[in-house]
Amino acid sequence: MNIKFFKETEVKKEKTILDIAEDLSIKIKSPCNGKGKCGKCIVKVISGKVSEPTKCEEDLLGKKNLGQGYRLACETTVIDDTEIELIK
Ligand code: FES
């Protein structure tokens, strides 16, 4: 059985996915407190416009995962309407 929950918000300025999730009280694992070191805050960008991958995303996720839409929530900034999937 699969269940999808949707939560939508308006963001006034560019913010990271982690910051937006925190604003919405959505928990994303972030043991390194958003410093781009632990690689635990993985989300999947389904659609929309986000920042280009950072060096630490390339190091922690690799090109294959990045190509499939996986990103680090603390390193990825939302630029325009975007749909994000949370990963357990
Ligand atoms: S919170 Fe550790 S890499 Fe994003």
# chains A, B, ... in the order shown; residues from 1 in each chain; ligands from 1

$ select_by_dssp --residues "region 49-82 of chain A" --states "strand (DSSP E or B)" --output "NGL selection string"
:A and (49-50 or 70-72 or 77-82)

$ residues_near_ligand --ligand "ligand 1" --cutoff "12 Å" --atoms "only C-alpha atoms and all ligand atoms" --output "PyMOL selection string"
chain A and resi 16-19+22+27-43+54-61+71-76

$ select_by_dssp --residues "chain A" --states "helix (DSSP H, G or I)" --output "list in words"
Ile17, Leu18, Asp19, Ile20, Ala21, Glu22, Asp23, Lys55, Cys56, Glu57, Glu58, Asp59, Leu60, Leu61, Gly62, Lys63, Lys64, Asn65, Leu66 and Gly67 of chain A

$ write_last_selection --atoms "N, CA and C atoms" --output "PDB file, in the first residue's frame"
ATOM      1  N   ILE A  17      16.011  23.419   0.584  1.00  0.00           N
ATOM      2  CA  ILE A  17      14.885  22.509   0.849  1.00  0.00           C
ATOM      3  C   ILE A  17      14.814  22.199   2.339  1.00  0.00           C
ATOM      4  N   LEU A  18      15.972  22.070   2.986  1.00  0.00           N
ATOM      5  CA  LEU A  18      15.991  21.785   4.427  1.00  0.00           C
ATOM      6  C   LEU A  18      15.351  22.925   5.214  1.00  0.00           C
ATOM      7  N   ASP A  19      15.673  24.168   4.879  1.00  0.00           N
ATOM      8  CA  ASP A  19      15.090  25.321   5.578  1.00  0.00           C
ATOM      9  C   ASP A  19      13.575  25.377   5.358  1.00  0.00           C
ATOM     10  N   ILE A  20      13.146  25.113   4.130  1.00  0.00           N
ATOM     11  CA  ILE A  20      11.710  25.150   3.830  1.00  0.00           C
ATOM     12  C   ILE A  20      10.996  24.043   4.618  1.00  0.00           C
ATOM     13  N   ALA A  21      11.589  22.859   4.644  1.00  0.00           N
ATOM     14  CA  ALA A  21      10.983  21.747   5.393  1.00  0.00           C
ATOM     15  C   ALA A  21      10.874  22.104   6.875  1.00  0.00           C
ATOM     16  N   GLU A  22      11.926  22.712   7.423  1.00  0.00           N
ATOM     17  CA  GLU A  22      11.876  23.105   8.838  1.00  0.00           C
ATOM     18  C   GLU A  22      10.774  24.131   9.078  1.00  0.00           C
ATOM     19  N   ASP A  23      10.605  25.079   8.153  1.00  0.00           N
ATOM     20  CA  ASP A  23       9.525  26.071   8.276  1.00  0.00           C
ATOM     21  C   ASP A  23       8.163  25.392   8.329  1.00  0.00           C
ATOM     22  N   LYS A  55      29.634  20.763  -4.963  1.00  0.00           N
ATOM     23  CA  LYS A  55      30.747  19.803  -4.936  1.00  0.00           C
ATOM     24  C   LYS A  55      30.476  18.708  -3.905  1.00  0.00           C
ATOM     25  N   CYS A  56      29.972  19.065  -2.732  1.00  0.00           N
ATOM     26  CA  CYS A  56      29.755  18.022  -1.723  1.00  0.00           C
ATOM     27  C   CYS A  56      28.611  17.093  -2.136  1.00  0.00           C
ATOM     28  N   GLU A  57      27.621  17.587  -2.875  1.00  0.00           N
ATOM     29  CA  GLU A  57      26.587  16.676  -3.388  1.00  0.00           C
ATOM     30  C   GLU A  57      27.191  15.700  -4.387  1.00  0.00           C
ATOM     31  N   GLU A  58      28.076  16.205  -5.231  1.00  0.00           N
ATOM     32  CA  GLU A  58      28.728  15.311  -6.195  1.00  0.00           C
ATOM     33  C   GLU A  58      29.548  14.257  -5.462  1.00  0.00           C
ATOM     34  N   ASP A  59      30.232  14.667  -4.395  1.00  0.00           N
ATOM     35  CA  ASP A  59      31.063  13.724  -3.636  1.00  0.00           C
ATOM     36  C   ASP A  59      30.211  12.718  -2.860  1.00  0.00           C
ATOM     37  N   LEU A  60      29.126  13.183  -2.226  1.00  0.00           N
ATOM     38  CA  LEU A  60      28.333  12.305  -1.350  1.00  0.00           C
ATOM     39  C   LEU A  60      27.283  11.481  -2.105  1.00  0.00           C
ATOM     40  N   LEU A  61      26.746  12.021  -3.188  1.00  0.00           N
ATOM     41  CA  LEU A  61      25.672  11.313  -3.906  1.00  0.00           C
ATOM     42  C   LEU A  61      26.153  10.654  -5.197  1.00  0.00           C
ATOM     43  N   GLY A  62      27.114  11.240  -5.857  1.00  0.00           N
ATOM     44  CA  GLY A  62      27.586  10.697  -7.123  1.00  0.00           C
ATOM     45  C   GLY A  62      26.712  11.142  -8.291  1.00  0.00           C
ATOM     46  N   LYS A  63      27.281  11.094  -9.472  1.00  0.00           N
ATOM     47  CA  LYS A  63      26.582  11.591 -10.664  1.00  0.00           C
ATOM     48  C   LYS A  63      25.327  10.781 -10.988  1.00  0.00           C
ATOM     49  N   LYS A  64      25.353   9.453 -10.759  1.00  0.00           N
ATOM     50  CA  LYS A  64      24.191   8.622 -11.089  1.00  0.00           C
ATOM     51  C   LYS A  64      22.969   9.046 -10.264  1.00  0.00           C
ATOM     52  N   ASN A  65      23.145   9.173  -8.944  1.00  0.00           N
ATOM     53  CA  ASN A  65      22.033   9.578  -8.082  1.00  0.00           C
ATOM     54  C   ASN A  65      21.563  10.996  -8.404  1.00  0.00           C
ATOM     55  N   LEU A  66      22.514  11.895  -8.646  1.00  0.00           N
ATOM     56  CA  LEU A  66      22.136  13.266  -9.014  1.00  0.00           C
ATOM     57  C   LEU A  66      21.303  13.250 -10.296  1.00  0.00           C
ATOM     58  N   GLY A  67      21.706  12.426 -11.247  1.00  0.00           N
ATOM     59  CA  GLY A  67      20.985  12.326 -12.512  1.00  0.00           C
ATOM     60  C   GLY A  67      19.571  11.793 -12.346  1.00  0.00           C
TER      61      GLY A  67
END

$ closest_residue --among "A:Pro53, A:Leu86, A:Ile79, A:Tyr70" --to "Lys7 (chain A)" --atoms "only C-alpha atoms"
A:Leu86

$ atom_distance --atom1 "CA of Lys88 (chain A)" --atom2 "CA of Lys4 (chain A)"
13.1 Å

$ residues_around --residues "Asp80 (chain A)" --least-positions-apart "3" --cutoff "8 Å" --atoms "only C-alpha atoms" --output "PDB file with C-alpha atoms, in the first residue's frame"
ATOM      1  CA  GLY A  48      10.770  22.159 -10.975  1.00  0.00           C
ATOM      2  CA  LYS A  49      13.831  24.366 -10.832  1.00  0.00           C
ATOM      3  CA  VAL A  50      16.524  24.044  -8.188  1.00  0.00           C
TER       4      VAL A  50
END

$ closest_residue --among "A:Ile3, A:Val45, A:Val78, A:Ile84" --to "Lys15 (chain A)" --atoms "only C-alpha atoms"
A:Val78
